[in-house]
Structures are given as C-alpha cells and as structure tokens.
file run_32.csv (CSV, C-alpha atoms and all ligand atoms)
chain,number,residue,atom,x,y,z
K,144,MET,CA,-34.5,-79.6,20.8
K,145,LEU,CA,-34.7,-76.2,19.1
K,146,ARG,CA,-37.8,-74.2,20.0
K,147,LYS,CA,-37.3,-71.2,17.8
K,148,ALA,CA,-35.8,-70.7,14.4
K,149,ILE,CA,-35.3,-67.5,12.5
K,150,ALA,CA,-34.8,-67.4,8.7
K,151,CYS,CA,-33.6,-64.3,6.8
K,152,ILE,CA,-34.3,-64.6,3.1
K,153,PRO,CA,-33.2,-62.3,0.3
K,154,ALA,CA,-35.6,-61.0,-2.3
K,155,SER,CA,-35.0,-61.9,-6.0
K,156,THR,CA,-35.4,-60.5,-9.4
K,157,THR,CA,-36.1,-63.2,-12.0
K,158,ASN,CA,-36.2,-63.9,-15.7
K,159,LEU,CA,-33.6,-61.1,-16.3
K,160,GLY,CA,-35.3,-60.7,-19.7
K,161,PRO,CA,-34.9,-63.9,-21.7
K,162,GLY,CA,-34.4,-66.5,-18.9
K,163,PHE,CA,-38.1,-67.0,-18.2
K,164,ASP,CA,-38.6,-69.3,-15.2
K,165,VAL,CA,-34.9,-70.2,-15.3
K,166,LEU,CA,-32.7,-67.3,-14.2
K,167,GLY,CA,-32.9,-65.6,-10.8
K,168,LEU,CA,-30.7,-63.1,-8.9
K,169,ALA,CA,-30.8,-62.6,-5.2
K,170,LEU,CA,-30.9,-59.0,-3.9
K,171,LYS,CA,-29.9,-57.4,-0.6
K,172,LEU,CA,-33.5,-56.8,0.5
K,173,TYR,CA,-34.8,-59.2,3.1
K,174,SER,CA,-37.8,-60.7,4.8
K,175,THR,CA,-37.4,-62.5,8.1
K,176,VAL,CA,-39.6,-65.4,9.2
K,177,SER,CA,-39.4,-66.7,12.7
K,178,LEU,CA,-41.1,-69.8,13.9
K,179,GLU,CA,-41.4,-70.8,17.6
K,180,GLU,CA,-42.9,-73.9,19.1
K,181,ILE,CA,-45.1,-72.8,21.9
K,182,ASP,CA,-47.1,-74.8,24.5
K,183,SER,CA,-50.5,-74.4,22.7
K,184,ASP,CA,-52.3,-72.2,20.2
K,185,VAL,CA,-51.5,-71.0,16.7
K,186,ILE,CA,-50.4,-67.4,16.2
K,187,VAL,CA,-49.5,-65.8,12.9
K,188,ASP,CA,-48.2,-62.2,13.0
K,189,VAL,CA,-47.1,-60.0,10.1
K,190,HIS,CA,-45.1,-56.8,10.4
K,191,GLY,CA,-43.4,-54.5,8.0
K,192,VAL,CA,-43.9,-53.5,4.4
K,193,ASP,CA,-47.3,-54.3,2.8
K,194,ARG,CA,-48.6,-56.2,5.8
K,195,ASP,CA,-52.1,-55.5,4.5
K,196,LYS,CA,-51.3,-57.7,1.5
K,197,ILE,CA,-50.1,-60.7,3.6
K,198,PRO,CA,-52.6,-62.9,5.5
K,199,ALA,CA,-52.0,-63.0,9.2
K,200,SER,CA,-53.8,-66.3,9.5
K,201,VAL,CA,-53.4,-70.0,8.8
K,202,ASP,CA,-53.8,-69.2,5.1
K,203,ASN,CA,-50.4,-67.6,5.2
K,204,ILE,CA,-48.0,-69.4,2.7
K,205,ALA,CA,-45.1,-69.4,5.3
K,206,PHE,CA,-47.4,-71.1,7.8
K,207,GLU,CA,-48.7,-73.6,5.2
K,208,SER,CA,-45.1,-74.3,4.2
K,209,ALA,CA,-44.0,-74.9,7.8
K,210,ASN,CA,-46.9,-77.3,8.3
K,211,TYR,CA,-45.9,-79.1,5.1
K,212,VAL,CA,-42.5,-79.9,6.6
K,213,PHE,CA,-43.9,-80.9,10.0
K,214,GLN,CA,-46.2,-83.3,8.2
K,215,LYS,CA,-43.4,-84.7,6.0
K,216,ALA,CA,-41.2,-85.1,9.1
K,217,GLY,CA,-44.0,-86.7,11.1
K,218,TYR,CA,-43.6,-84.0,13.8
K,219,GLN,CA,-46.5,-82.5,15.7
K,220,PRO,CA,-45.6,-79.3,17.5
K,221,LYS,CA,-47.9,-78.5,20.5
K,222,GLY,CA,-48.4,-74.9,19.3
K,223,ILE,CA,-46.9,-72.6,16.8
K,224,LYS,CA,-46.1,-68.9,16.6
K,225,LEU,CA,-45.0,-67.6,13.2
K,226,THR,CA,-43.9,-64.0,12.7
K,227,ILE,CA,-43.0,-62.4,9.4
K,228,SER,CA,-41.0,-59.2,9.4
K,229,ASN,CA,-41.4,-58.2,5.8
K,230,GLY,CA,-39.0,-55.9,4.0
K,231,ILE,CA,-40.0,-56.8,0.5
K,232,PRO,CA,-42.8,-55.0,-1.3
K,233,ALA,CA,-45.4,-57.6,-1.9
K,234,VAL,CA,-46.9,-58.8,-5.3
K,235,ARG,CA,-44.5,-56.6,-7.3
K,236,GLY,CA,-42.2,-59.1,-8.9
K,237,LEU,CA,-39.5,-59.2,-6.2
K,238,GLY,CA,-40.0,-62.8,-5.1
K,239,GLY,CA,-41.8,-62.1,-1.9
K,240,SER,CA,-44.0,-65.3,-2.0
K,241,GLY,CA,-40.9,-67.4,-2.5
K,242,THR,CA,-39.2,-65.9,0.6
K,243,ALA,CA,-42.3,-66.6,2.7
K,244,ILE,CA,-42.4,-70.3,1.4
K,245,LEU,CA,-38.7,-70.7,2.1
K,246,GLY,CA,-39.0,-69.1,5.5
K,247,GLY,CA,-41.7,-71.5,6.6
K,248,LEU,CA,-39.9,-74.6,5.2
K,249,LEU,CA,-36.4,-73.7,6.6
K,250,CYS,CA,-37.6,-72.8,10.1
K,251,ALA,CA,-39.8,-75.9,10.4
K,252,ASN,CA,-36.9,-78.0,9.1
K,253,ALA,CA,-34.6,-76.5,11.8
K,254,ILE,CA,-37.2,-77.1,14.5
K,255,CYS,CA,-37.4,-80.8,13.5
K,256,GLY,CA,-33.6,-81.1,13.6
K,257,ASN,CA,-33.0,-80.6,9.9
K,258,PRO,CA,-34.2,-84.0,8.5
K,259,PHE,CA,-34.3,-82.6,5.0
K,260,SER,CA,-31.3,-81.5,3.0
K,261,SER,CA,-31.0,-78.1,1.3
K,262,ASP,CA,-31.8,-79.8,-2.0
K,263,GLN,CA,-35.0,-81.3,-0.6
K,264,ILE,CA,-36.1,-78.0,0.8
K,265,LEU,CA,-35.5,-76.4,-2.6
K,266,ASP,CA,-37.6,-79.1,-4.3
K,267,PHE,CA,-40.4,-78.6,-1.7
K,268,ALA,CA,-40.3,-74.8,-2.3
K,269,ILE,CA,-40.5,-75.3,-6.1
K,270,GLU,CA,-43.4,-77.7,-5.8
K,271,ARG,CA,-45.2,-75.0,-3.7
K,272,GLU,CA,-44.2,-72.0,-5.9
K,273,GLY,CA,-44.7,-73.7,-9.3
K,274,HIS,CA,-41.5,-72.5,-10.9
K,275,PRO,CA,-37.8,-72.7,-9.7
K,276,ASP,CA,-36.3,-69.3,-10.5
K,277,ASN,CA,-37.2,-67.1,-7.5
K,278,VAL,CA,-36.9,-69.7,-4.7
K,279,THR,CA,-33.6,-71.0,-6.0
K,280,ALA,CA,-32.0,-67.5,-6.1
K,281,SER,CA,-33.4,-66.7,-2.6
K,282,LEU,CA,-32.2,-69.9,-1.1
K,283,LEU,CA,-28.7,-70.0,-2.6
K,284,GLY,CA,-28.0,-66.3,-3.4
K,285,GLY,CA,-26.1,-65.0,-6.4
K,286,LEU,CA,-27.3,-65.6,-10.0
K,287,THR,CA,-28.9,-69.0,-10.3
K,288,VAL,CA,-29.8,-71.1,-13.3
K,289,SER,CA,-32.4,-73.7,-12.6
K,290,VAL,CA,-34.1,-76.4,-14.6
K,291,ILE,CA,-36.5,-79.1,-13.5
K,292,ASP,CA,-35.6,-82.7,-14.4
K,293,LYS,CA,-38.1,-85.4,-13.4
K,294,GLU,CA,-39.4,-83.3,-10.5
K,295,ASN,CA,-36.0,-82.4,-9.1
K,296,VAL,CA,-34.2,-79.2,-9.7
K,297,LYS,CA,-30.7,-79.0,-11.2
K,298,THR,CA,-29.1,-75.7,-10.4
K,299,ILE,CA,-25.9,-73.8,-10.7
K,300,LYS,CA,-25.1,-70.6,-8.8
K,301,LEU,CA,-22.8,-67.9,-10.1
K,302,VAL,CA,-21.5,-64.9,-8.2
K,303,PRO,CA,-21.8,-61.8,-10.4
K,304,PRO,CA,-19.1,-59.1,-10.5
K,305,GLU,CA,-19.1,-57.2,-7.2
K,306,ASN,CA,-19.7,-53.8,-8.8
K,307,LEU,CA,-23.1,-54.9,-10.3
K,308,ARG,CA,-26.1,-53.1,-8.7
K,309,VAL,CA,-29.7,-53.5,-9.5
K,310,VAL,CA,-32.0,-50.4,-9.4
K,311,VAL,CA,-35.5,-51.6,-9.0
K,312,ALA,CA,-38.3,-49.2,-9.7
K,313,ILE,CA,-41.4,-50.4,-7.9
K,314,PRO,CA,-44.8,-48.9,-8.9
K,315,ASN,CA,-47.5,-48.8,-6.3
K,316,TYR,CA,-49.8,-51.4,-7.5
K,317,ALA,CA,-49.9,-55.2,-7.2
K,318,LEU,CA,-49.7,-57.5,-10.2
K,319,SER,CA,-50.1,-61.2,-9.4
K,320,THR,CA,-47.9,-63.7,-11.1
K,321,LYS,CA,-51.0,-65.6,-12.0
K,322,THR,CA,-52.5,-62.6,-13.9
K,323,ALA,CA,-49.1,-61.9,-15.6
K,324,ARG,CA,-48.9,-65.5,-16.8
K,325,LYS,CA,-52.4,-65.5,-18.2
K,326,VAL,CA,-51.4,-63.0,-20.9
K,327,LEU,CA,-48.6,-65.2,-22.3
K,328,PRO,CA,-49.0,-67.3,-25.5
K,329,GLN,CA,-49.0,-71.1,-25.2
K,330,ASN,CA,-46.4,-71.5,-28.0
K,331,LEU,CA,-43.4,-69.7,-29.4
K,332,ASP,CA,-42.2,-69.9,-33.0
K,333,ARG,CA,-38.7,-71.2,-33.8
K,334,GLN,CA,-37.1,-67.8,-34.6
K,335,SER,CA,-38.3,-66.4,-31.2
K,336,THR,CA,-37.1,-69.5,-29.4
K,337,ILE,CA,-33.6,-69.2,-30.9
K,338,TYR,CA,-33.6,-65.5,-30.1
K,339,ASN,CA,-34.3,-66.3,-26.4
K,340,ILE,CA,-32.0,-69.3,-26.1
K,341,GLY,CA,-29.2,-67.2,-27.6
K,342,ARG,CA,-29.7,-64.2,-25.3
K,343,SER,CA,-30.3,-66.2,-22.2
K,344,SER,CA,-27.0,-68.2,-22.8
K,345,LEU,CA,-25.2,-65.0,-23.6
K,346,LEU,CA,-26.4,-63.5,-20.4
K,347,VAL,CA,-25.1,-66.3,-18.2
K,348,ALA,CA,-21.8,-66.3,-20.1
K,349,ALA,CA,-21.5,-62.5,-19.8
K,350,ILE,CA,-22.1,-62.6,-16.0
K,351,ALA,CA,-19.7,-65.6,-15.6
K,352,SER,CA,-16.9,-63.8,-17.5
K,353,GLY,CA,-17.6,-60.3,-16.2
K,354,LYS,CA,-18.4,-58.9,-19.7
K,355,LEU,CA,-21.2,-56.7,-18.5
K,356,ASP,CA,-21.2,-54.6,-21.6
K,357,LEU,CA,-23.0,-57.5,-23.3
K,358,LEU,CA,-25.9,-57.3,-20.8
K,359,ASN,CA,-27.9,-54.9,-23.0
K,360,VAL,CA,-28.2,-57.3,-25.9
K,361,ALA,CA,-28.3,-60.3,-23.6
K,362,MET,CA,-31.4,-59.1,-21.7
K,363,GLN,CA,-33.6,-58.8,-24.8
K,364,ASP,CA,-36.6,-61.1,-24.7
K,365,LEU,CA,-39.5,-62.2,-27.0
K,366,LEU,CA,-41.1,-64.7,-24.6
K,367,HIS,CA,-42.9,-62.7,-22.0
K,368,GLN,CA,-42.0,-59.0,-21.8
K,369,PRO,CA,-43.7,-58.0,-25.1
K,370,TYR,CA,-47.0,-59.5,-23.8
K,371,ARG,CA,-46.6,-58.3,-20.2
K,372,ALA,CA,-45.7,-54.7,-21.2
K,373,LYS,CA,-49.4,-53.8,-21.5
K,374,LEU,CA,-49.9,-54.7,-17.8
K,375,VAL,CA,-47.2,-52.1,-16.8
K,376,PRO,CA,-48.1,-48.6,-17.9
K,377,GLY,CA,-45.0,-46.8,-19.3
K,378,PHE,CA,-42.9,-50.0,-19.5
K,379,GLU,CA,-41.0,-48.9,-22.7
K,380,ASP,CA,-40.6,-45.3,-21.4
K,381,VAL,CA,-39.2,-46.5,-18.0
K,382,CYS,CA,-36.8,-48.9,-19.7
K,383,ASN,CA,-35.6,-46.3,-22.1
K,384,SER,CA,-35.1,-43.7,-19.4
K,385,ALA,CA,-33.0,-46.1,-17.3
K,386,VAL,CA,-30.6,-46.8,-20.2
K,387,GLN,CA,-30.5,-43.1,-21.1
K,388,ALA,CA,-29.5,-42.3,-17.5
K,389,GLY,CA,-26.7,-44.8,-17.6
K,390,ALA,CA,-28.0,-48.3,-16.9
K,391,LEU,CA,-26.2,-51.1,-18.7
K,392,SER,CA,-29.5,-52.8,-19.4
K,393,VAL,CA,-33.0,-53.2,-18.1
K,394,ALA,CA,-35.7,-55.9,-17.7
K,395,LEU,CA,-39.0,-56.6,-16.1
K,396,SER,CA,-38.5,-57.9,-12.6
K,397,GLY,CA,-40.1,-61.3,-12.3
K,398,ALA,CA,-43.6,-61.1,-13.5
K,399,GLY,CA,-43.7,-57.4,-12.9
K,400,PRO,CA,-44.8,-54.7,-12.3
K,401,SER,CA,-41.4,-53.7,-11.0
K,402,ILE,CA,-38.6,-52.9,-13.5
K,403,ALA,CA,-35.0,-53.8,-12.8
K,404,ALA,CA,-32.1,-51.8,-14.2
K,405,TYR,CA,-28.5,-53.2,-14.1
K,406,CYS,CA,-25.8,-50.7,-13.3
K,407,THR,CA,-22.1,-50.3,-12.4
K,408,ASP,CA,-22.4,-46.5,-12.1
K,409,MET,CA,-25.0,-43.7,-12.1
K,410,GLU,CA,-27.4,-45.7,-9.9
K,411,ASP,CA,-29.1,-42.6,-8.3
K,412,GLN,CA,-29.6,-41.0,-11.7
K,413,VAL,CA,-31.1,-44.2,-13.1
K,414,ALA,CA,-33.4,-44.5,-10.0
K,415,ASN,CA,-34.6,-40.9,-10.5
K,416,ALA,CA,-35.1,-41.3,-14.2
K,417,MET,CA,-37.2,-44.5,-13.7
K,418,VAL,CA,-39.4,-43.0,-11.0
K,419,GLY,CA,-39.9,-39.8,-13.2
K,420,SER,CA,-40.8,-41.9,-16.1
K,421,PHE,CA,-43.4,-43.9,-14.2
K,422,ALA,CA,-44.8,-40.6,-12.9
K,423,LYS,CA,-45.2,-39.3,-16.5
K,424,ASN,CA,-47.3,-42.4,-17.1
K,425,GLY,CA,-49.5,-41.7,-14.1
K,426,LEU,CA,-47.9,-44.1,-11.6
K,427,ASN,CA,-46.3,-43.4,-8.2
K,428,ALA,CA,-43.2,-45.5,-7.8
K,429,ILE,CA,-40.3,-45.8,-5.5
K,430,ALA,CA,-36.8,-47.0,-6.5
K,431,LYS,CA,-34.2,-48.9,-4.5
K,432,VAL,CA,-30.6,-49.3,-5.4
K,433,LEU,CA,-29.7,-52.9,-4.3
K,434,GLU,CA,-26.5,-54.9,-4.2
K,435,ILE,CA,-26.5,-58.6,-5.1
K,436,ASP,CA,-26.9,-61.0,-2.2
K,437,SER,CA,-24.4,-63.8,-2.7
K,438,ALA,CA,-25.0,-65.7,0.5
K,439,GLY,CA,-28.6,-66.7,0.2
K,440,ALA,CA,-31.0,-67.6,3.0
K,441,THR,CA,-29.7,-68.1,6.6
K,442,VAL,CA,-31.3,-69.8,9.5
K,443,SER,CA,-30.4,-69.1,13.1
K,444,ASP,CA,-31.6,-69.9,16.6
K,445,SER,CA,-32.8,-67.2,19.1
K,446,THR,CA,-29.2,-66.5,20.2
K,447,GLY,CA,-28.2,-65.7,16.5
K,448,LYS,CA,-26.2,-68.9,16.1
K,449,THR,CA,-26.5,-70.4,12.6
K,450,VAL,CA,-28.4,-73.7,12.7
K,451,SER,CA,-28.4,-74.8,9.0
A,501,LIG,N1,-40.8,-66.6,-13.7
A,501,LIG,C1,-42.0,-66.2,-13.1
A,501,LIG,C2,-42.8,-65.5,-14.2
A,501,LIG,C3,-41.9,-65.3,-12.0
A,501,LIG,O1,-42.3,-64.7,-14.9
A,501,LIG,O2,-44.0,-65.7,-14.3
A,501,LIG,C4,-41.2,-66.0,-10.9
A,501,LIG,O3,-40.7,-65.3,-10.0

call {"tool": "encode", "arguments": {"input": "run_32.csv", "output": "structure tokens", "more": "lines below"}}
Ligand code: HSE
result
Amino acid sequence: MLRKAIACIPASTTNLGPGFDVLGLALKLYSTVSLEEIDSDVIVDVHGVDRDKIPASVDNIAFESANYVFQKAGYQPKGIKLTISNGIPAVRGLGGSGTAILGGLLCANAICGNPFSSDQILDFAIEREGHPDNVTASLLGGLTVSVIDKENVKTIKLVPPENLRVVVAIPNYALSTKTARKVLPQNLDRQSTIYNIGRSSLLVAAIASGKLDLLNVAMQDLLHQPYRAKLVPGFEDVCNSAVQAGALSVALSGAGPSIAAYCTDMEDQVANAMVGSFAKNGLNAIAKVLEIDSAGATVSDSTGKTVS
C-alpha cells in the first residue's frame, strides 16, 4: 500500500478573453502537494510563495479535497501529513485554488490505490471549484475546452504551437474569484453573445491551426472583462502596452488581477512594458515569461516513480 504520494500541478490562465468558464491553458509554473499517511495526527504544512494567504490547517482546500476522496473511497487513514510547496502566486487569477484541490484529490486517490478514474477526479475537482476551466487545464495540460453536461465534464485538450509563450503580469494584490464574479451582469444581449461565441470559436480554431496572428481579434470579450476592468487599476493601459511592445494579444488571466499577454517574440520587452504600465497606475507588479505545460498534473511516490 502506498504511504506517500506527491502531485505536481501546473498553474493555469483561463477564459483567454471570450471563453469565460470554458477555456483554460496550463502554464509551466507549479505547485506541489504531498500527502503521507502517518501513524496518528493531522499535520498541514504550507511552504513557498504567498504562504500567508494559504491556510495551514484542516480548512486547507487541498486537505478538504483529500478527505473527500478518502470518504468516497471508504478509506480511513490513521493520520495524515499534507505539505504544500507553492510556486503559484495566490488569489491572482493563476488557478492556484484549482491546483490545491487537484493535489489533494490526486494524492488521496493514489494512496487509496486509484479507485477513481482521471475523469472522476476531474468531476470531483469541478464540483469543488464550481467551474471547469482552471482545473481541467491543470489536470490535463495544454489548452482545454470544457463544458458541463448533466454534471459531467466533456473536454478536449489541444496542444498549442510550441513557440507560444505567456507573459503574466501579476500585481501585488489579491482579487478573489468570488468578488470578481459579483460584478458580472446576470444576462448578456444577443449581439454580445454572438460576439463572444464567434471569438471563442475563432480562438480555438486559431490555436488548433497555428494561425496565431488571429489571436488579437479572437481574444476580444464582452462577457466579463469590461466589467472586471474596474477591479484592475490600469487594465487598459497594461493591455495596450503589451501589444505595443510586441505581444500578439492580451487578456485578463482568469478572474484577475493578473494580465496575460501571448507572444512568440519580444517576451522580455512585453514583460517590462506591462510592469511599467502597472507602476504608472500605482501598482507594484512582477512579470513571468511562461511556456505552456502540455503534460498536466503528475503523481509520483516518494522514489519519484509515477503512480497514476
Ligand atoms: N472562469 C473563472 C472566472 C475563473 O472568470 O470567474 C476560473 O479560473
């Protein structure tokens, strides 16, 4: 019986403009969750980036997710040690909560002998997160399209062109998804709906066919960004500066406040321009130039051997 499992889960940027709650892209920036069955006691440790924003207690969502799997599997560990080594800035629109949920689910599933399939783990993750875009991308890697049909996810993963990079500019304040969803309207008119369906479809087709010059138009959005812009000081300036510095296109990352620029060239210039533009709007920000993760989450034992 496996006593310890370690999951390494990529961050995600989601929505990509028009694909609200549907599109996700996995990024080479990781959080690691390790779960060990111990003889007694419950220990939750958090290390790494933004550890002050992540509870080191039984309220931790990775811990809750692990318990969820143990209960579903009818397995009662004697004791549990859960450790998060976080590499993903928290509450900034980079899918950190999804990686924690997946980490707990995947590790607990491995310790129970993998009674649940990858599809079931994904359904559990979506149920806990409330929307499919970030957890699907983090689990599968690449660009994912996800819809929920009768409580189950239907998803397709595409691998974007290798030269695509994402420059994420990450301002130093947290914006919860809950807050960023509250500013959205309940309904969208027909013209705006057609606008978003068209662009979201074009975006997937552009990535699938490698026609990255279409990303600029394909990432336009009327569903959430116009409303969320007021929660991100300098949103328009940062987007404009990224494109002027050479980005192909730019969009809010997830629910924000981070902004993601898509590049095949000029990444460092784009990063500097975005950070400079945030600074002009009174915000400290850092930028990271990230490759696309096309492998998704991995789970290994304490010797490093893959276990699922
Ligand atoms: N799609 C969600 C939102 C973010 O924009 O509220 C999920 O990661």

call {"tool": "closest_atom_pairs", "arguments": {"input": "run_32.csv", "of": "chain K", "to": "ligand LIG 501 (chain A)", "cutoff": "6 Å", "atoms": "all atoms listed in the file", "output": "CSV"}}
result
residue,atom,partner,partner_atom,distance
K:Thr157,CA,A:LIG501,O3,5.4
K:Asn158,CA,A:LIG501,N1,5.7
K:Phe163,CA,A:LIG501,N1,5.3
K:Asp164,CA,A:LIG501,N1,3.8
K:Gly238,CA,A:LIG501,O3,5.5
K:Asp276,CA,A:LIG501,C4,5.9
K:Asn277,CA,A:LIG501,O3,4.7
K:Thr320,CA,A:LIG501,O2,5.4
K:Arg324,CA,A:LIG501,O2,5.5
K:Gly397,CA,A:LIG501,C3,4.4
K:Ala398,CA,A:LIG501,O1,4.1

call {"tool": "write_last_selection", "arguments": {"input": "run_32.csv", "atoms": "C-alpha atoms", "output": "mmCIF file, in the frame of the given file"}}
result
data_model
loop_
_atom_site.group_PDB
_atom_site.id
_atom_site.type_symbol
_atom_site.label_atom_id
_atom_site.label_comp_id
_atom_site.auth_asym_id
_atom_site.auth_seq_id
_atom_site.Cartn_x
_atom_site.Cartn_y
_atom_site.Cartn_z
ATOM 1 C CA THR K 157 -36.100 -63.200 -12.000
ATOM 2 C CA ASN K 158 -36.200 -63.900 -15.700
ATOM 3 C CA PHE K 163 -38.100 -67.000 -18.200
ATOM 4 C CA ASP K 164 -38.600 -69.300 -15.200
ATOM 5 C CA GLY K 238 -40.000 -62.800 -5.100
ATOM 6 C CA ASP K 276 -36.300 -69.300 -10.500
ATOM 7 C CA ASN K 277 -37.200 -67.100 -7.500
ATOM 8 C CA THR K 320 -47.900 -63.700 -11.100
ATOM 9 C CA ARG K 324 -48.900 -65.500 -16.800
ATOM 10 C CA GLY K 397 -40.100 -61.300 -12.300
ATOM 11 C CA ALA K 398 -43.600 -61.100 -13.500
#

call {"tool": "closest_residue", "arguments": {"input": "run_32.csv", "among": "K:Arg146, K:His190, K:Lys373, K:Arg333", "to": "K:Lys221", "atoms": "only C-alpha atoms"}}
result
K:Arg146

call {"tool": "atom_distance", "arguments": {"input": "run_32.csv", "atom1": "atom CA of K:Ser343", "atom2": "atom CA of K:Val288"}}
result
10.2 Å

call {"tool": "atom_distance", "arguments": {"input": "run_32.csv", "atom1": "atom CA of K:Val418", "atom2": "atom CA of K:Pro314"}}
result
8.3 Å

call {"tool": "residues_around", "arguments": {"input": "run_32.csv", "residues": "K:Ala251", "least_positions_apart": "5", "cutoff": "9 Å", "atoms": "only C-alpha atoms", "output": "PyMOL selection string"}}
result
chain K and resi 148+178-179+208-213+246+256-257

call {"tool": "closest_residue", "arguments": {"input": "run_32.csv", "among": "K:Pro304, K:Ile264, K:Ser443, K:Ser240", "to": "K:Lys215", "atoms": "all atoms listed in the file"}}
result
K:Ile264

call {"tool": "residues_around", "arguments": {"input": "run_32.csv", "residues": "stretch 267-275 of chain K", "least_positions_apart": "5", "cutoff": "10 Å", "atoms": "all atoms listed in the file", "output": "ChimeraX atom specification"}}
result
/K:157,163-167,204,207-208,211-212,240-249,259,261-262,280,282,287-291,294-298

call {"tool": "write_last_selection", "arguments": {"input": "run_32.csv", "atoms": "C-alpha atoms", "output": "PDB file, keeping the file's coordinate frame"}}
result
ATOM      1  CA  THR K 157     -36.100 -63.200 -12.000  1.00  0.00           C
ATOM      2  CA  PHE K 163     -38.100 -67.000 -18.200  1.00  0.00           C
ATOM      3  CA  ASP K 164     -38.600 -69.300 -15.200  1.00  0.00           C
ATOM      4  CA  VAL K 165     -34.900 -70.200 -15.300  1.00  0.00           C
ATOM      5  CA  LEU K 166     -32.700 -67.300 -14.200  1.00  0.00           C
ATOM      6  CA  GLY K 167     -32.900 -65.600 -10.800  1.00  0.00           C
ATOM      7  CA  ILE K 204     -48.000 -69.400   2.700  1.00  0.00           C
ATOM      8  CA  GLU K 207     -48.700 -73.600   5.200  1.00  0.00           C
ATOM      9  CA  SER K 208     -45.100 -74.300   4.200  1.00  0.00           C
ATOM     10  CA  TYR K 211     -45.900 -79.100   5.100  1.00  0.00           C
ATOM     11  CA  VAL K 212     -42.500 -79.900   6.600  1.00  0.00           C
ATOM     12  CA  SER K 240     -44.000 -65.300  -2.000  1.00  0.00           C
ATOM     13  CA  GLY K 241     -40.900 -67.400  -2.500  1.00  0.00           C
ATOM     14  CA  THR K 242     -39.200 -65.900   0.600  1.00  0.00           C
ATOM     15  CA  ALA K 243     -42.300 -66.600   2.700  1.00  0.00           C
ATOM     16  CA  ILE K 244     -42.400 -70.300   1.400  1.00  0.00           C
ATOM     17  CA  LEU K 245     -38.700 -70.700   2.100  1.00  0.00           C
ATOM     18  CA  GLY K 246     -39.000 -69.100   5.500  1.00  0.00           C
ATOM     19  CA  GLY K 247     -41.700 -71.500   6.600  1.00  0.00           C
ATOM     20  CA  LEU K 248     -39.900 -74.600   5.200  1.00  0.00           C
ATOM     21  CA  LEU K 249     -36.400 -73.700   6.600  1.00  0.00           C
ATOM     22  CA  PHE K 259     -34.300 -82.600   5.000  1.00  0.00           C
ATOM     23  CA  SER K 261     -31.000 -78.100   1.300  1.00  0.00           C
ATOM     24  CA  ASP K 262     -31.800 -79.800  -2.000  1.00  0.00           C
ATOM     25  CA  ALA K 280     -32.000 -67.500  -6.100  1.00  0.00           C
ATOM     26  CA  LEU K 282     -32.200 -69.900  -1.100  1.00  0.00           C
ATOM     27  CA  THR K 287     -28.900 -69.000 -10.300  1.00  0.00           C
ATOM     28  CA  VAL K 288     -29.800 -71.100 -13.300  1.00  0.00           C
ATOM     29  CA  SER K 289     -32.400 -73.700 -12.600  1.00  0.00           C
ATOM     30  CA  VAL K 290     -34.100 -76.400 -14.600  1.00  0.00           C
ATOM     31  CA  ILE K 291     -36.500 -79.100 -13.500  1.00  0.00           C
ATOM     32  CA  GLU K 294     -39.400 -83.300 -10.500  1.00  0.00           C
ATOM     33  CA  ASN K 295     -36.000 -82.400  -9.100  1.00  0.00           C
ATOM     34  CA  VAL K 296     -34.200 -79.200  -9.700  1.00  0.00           C
ATOM     35  CA  LYS K 297     -30.700 -79.000 -11.200  1.00  0.00           C
ATOM     36  CA  THR K 298     -29.100 -75.700 -10.400  1.00  0.00           C
TER      37      THR K 298
END

call {"tool": "closest_residue", "arguments": {"input": "run_32.csv", "among": "K:Leu355, K:Val310, K:Ile337, K:Ile152", "to": "K:Gln412", "atoms": "all atoms listed in the file"}}
result
K:Val310

call {"tool": "residues_around", "arguments": {"input": "run_32.csv", "residues": "K:Ala351", "least_positions_apart": "3", "cutoff": "12 Å", "atoms": "all atoms listed in the file", "output": "PyMOL selection string"}}
result
chain K and resi 285-288+299-305+344-348+354-355+357-358

call {"tool": "atom_distance", "arguments": {"input": "run_32.csv", "atom1": "atom CA of K:Ser183", "atom2": "atom CA of K:Met144"}}
result
16.9 Å

call {"tool": "closest_residue", "arguments": {"input": "run_32.csv", "among": "K:Val442, K:Met409, K:Leu391, K:Ala317", "to": "K:Val234", "atoms": "all atoms listed in the file"}}
result
K:Ala317

call {"tool": "build_atoms", "arguments": {"input": "run_32.csv", "residues": "stretch 426-438 of chain K", "atoms": "N, CA and C atoms", "output": "compact mmCIF listing (two decimals), in the frame of the given file"}}
result
# COMPACT_ATOMS: atom_id res chain seq x y z
N LEU K 426 -48.09 -43.18 -12.71
CA LEU K 426 -47.90 -44.10 -11.60
C LEU K 426 -46.92 -43.59 -10.57
N ASN K 427 -47.27 -43.71 -9.30
CA ASN K 427 -46.30 -43.40 -8.20
C ASN K 427 -45.41 -44.65 -8.11
N ALA K 428 -44.12 -44.40 -8.01
CA ALA K 428 -43.20 -45.50 -7.80
C ALA K 428 -42.09 -45.09 -6.88
N ILE K 429 -41.49 -46.08 -6.25
CA ILE K 429 -40.30 -45.80 -5.50
C ILE K 429 -39.16 -46.62 -6.17
N ALA K 430 -37.92 -46.20 -5.93
CA ALA K 430 -36.80 -47.00 -6.50
C ALA K 430 -35.84 -47.32 -5.37
N LYS K 431 -35.24 -48.50 -5.48
CA LYS K 431 -34.20 -48.90 -4.50
C LYS K 431 -32.99 -49.35 -5.27
N VAL K 432 -31.84 -48.90 -4.78
CA VAL K 432 -30.60 -49.30 -5.40
C VAL K 432 -30.07 -50.50 -4.52
N LEU K 433 -29.97 -51.66 -5.13
CA LEU K 433 -29.70 -52.90 -4.30
C LEU K 433 -28.40 -53.56 -4.83
N GLU K 434 -27.65 -54.06 -3.85
CA GLU K 434 -26.50 -54.90 -4.20
C GLU K 434 -27.00 -56.35 -4.36
N ILE K 435 -26.15 -57.18 -4.94
CA ILE K 435 -26.50 -58.60 -5.10
C ILE K 435 -26.20 -59.32 -3.79
N ASP K 436 -27.12 -60.16 -3.36
CA ASP K 436 -26.90 -61.00 -2.20
C ASP K 436 -26.22 -62.29 -2.72
N SER K 437 -25.02 -62.60 -2.24
CA SER K 437 -24.40 -63.80 -2.70
C SER K 437 -24.40 -64.95 -1.70
N ALA K 438 -24.99 -64.70 -0.53
CA ALA K 438 -25.00 -65.70 0.50
C ALA K 438 -26.25 -66.55 0.57
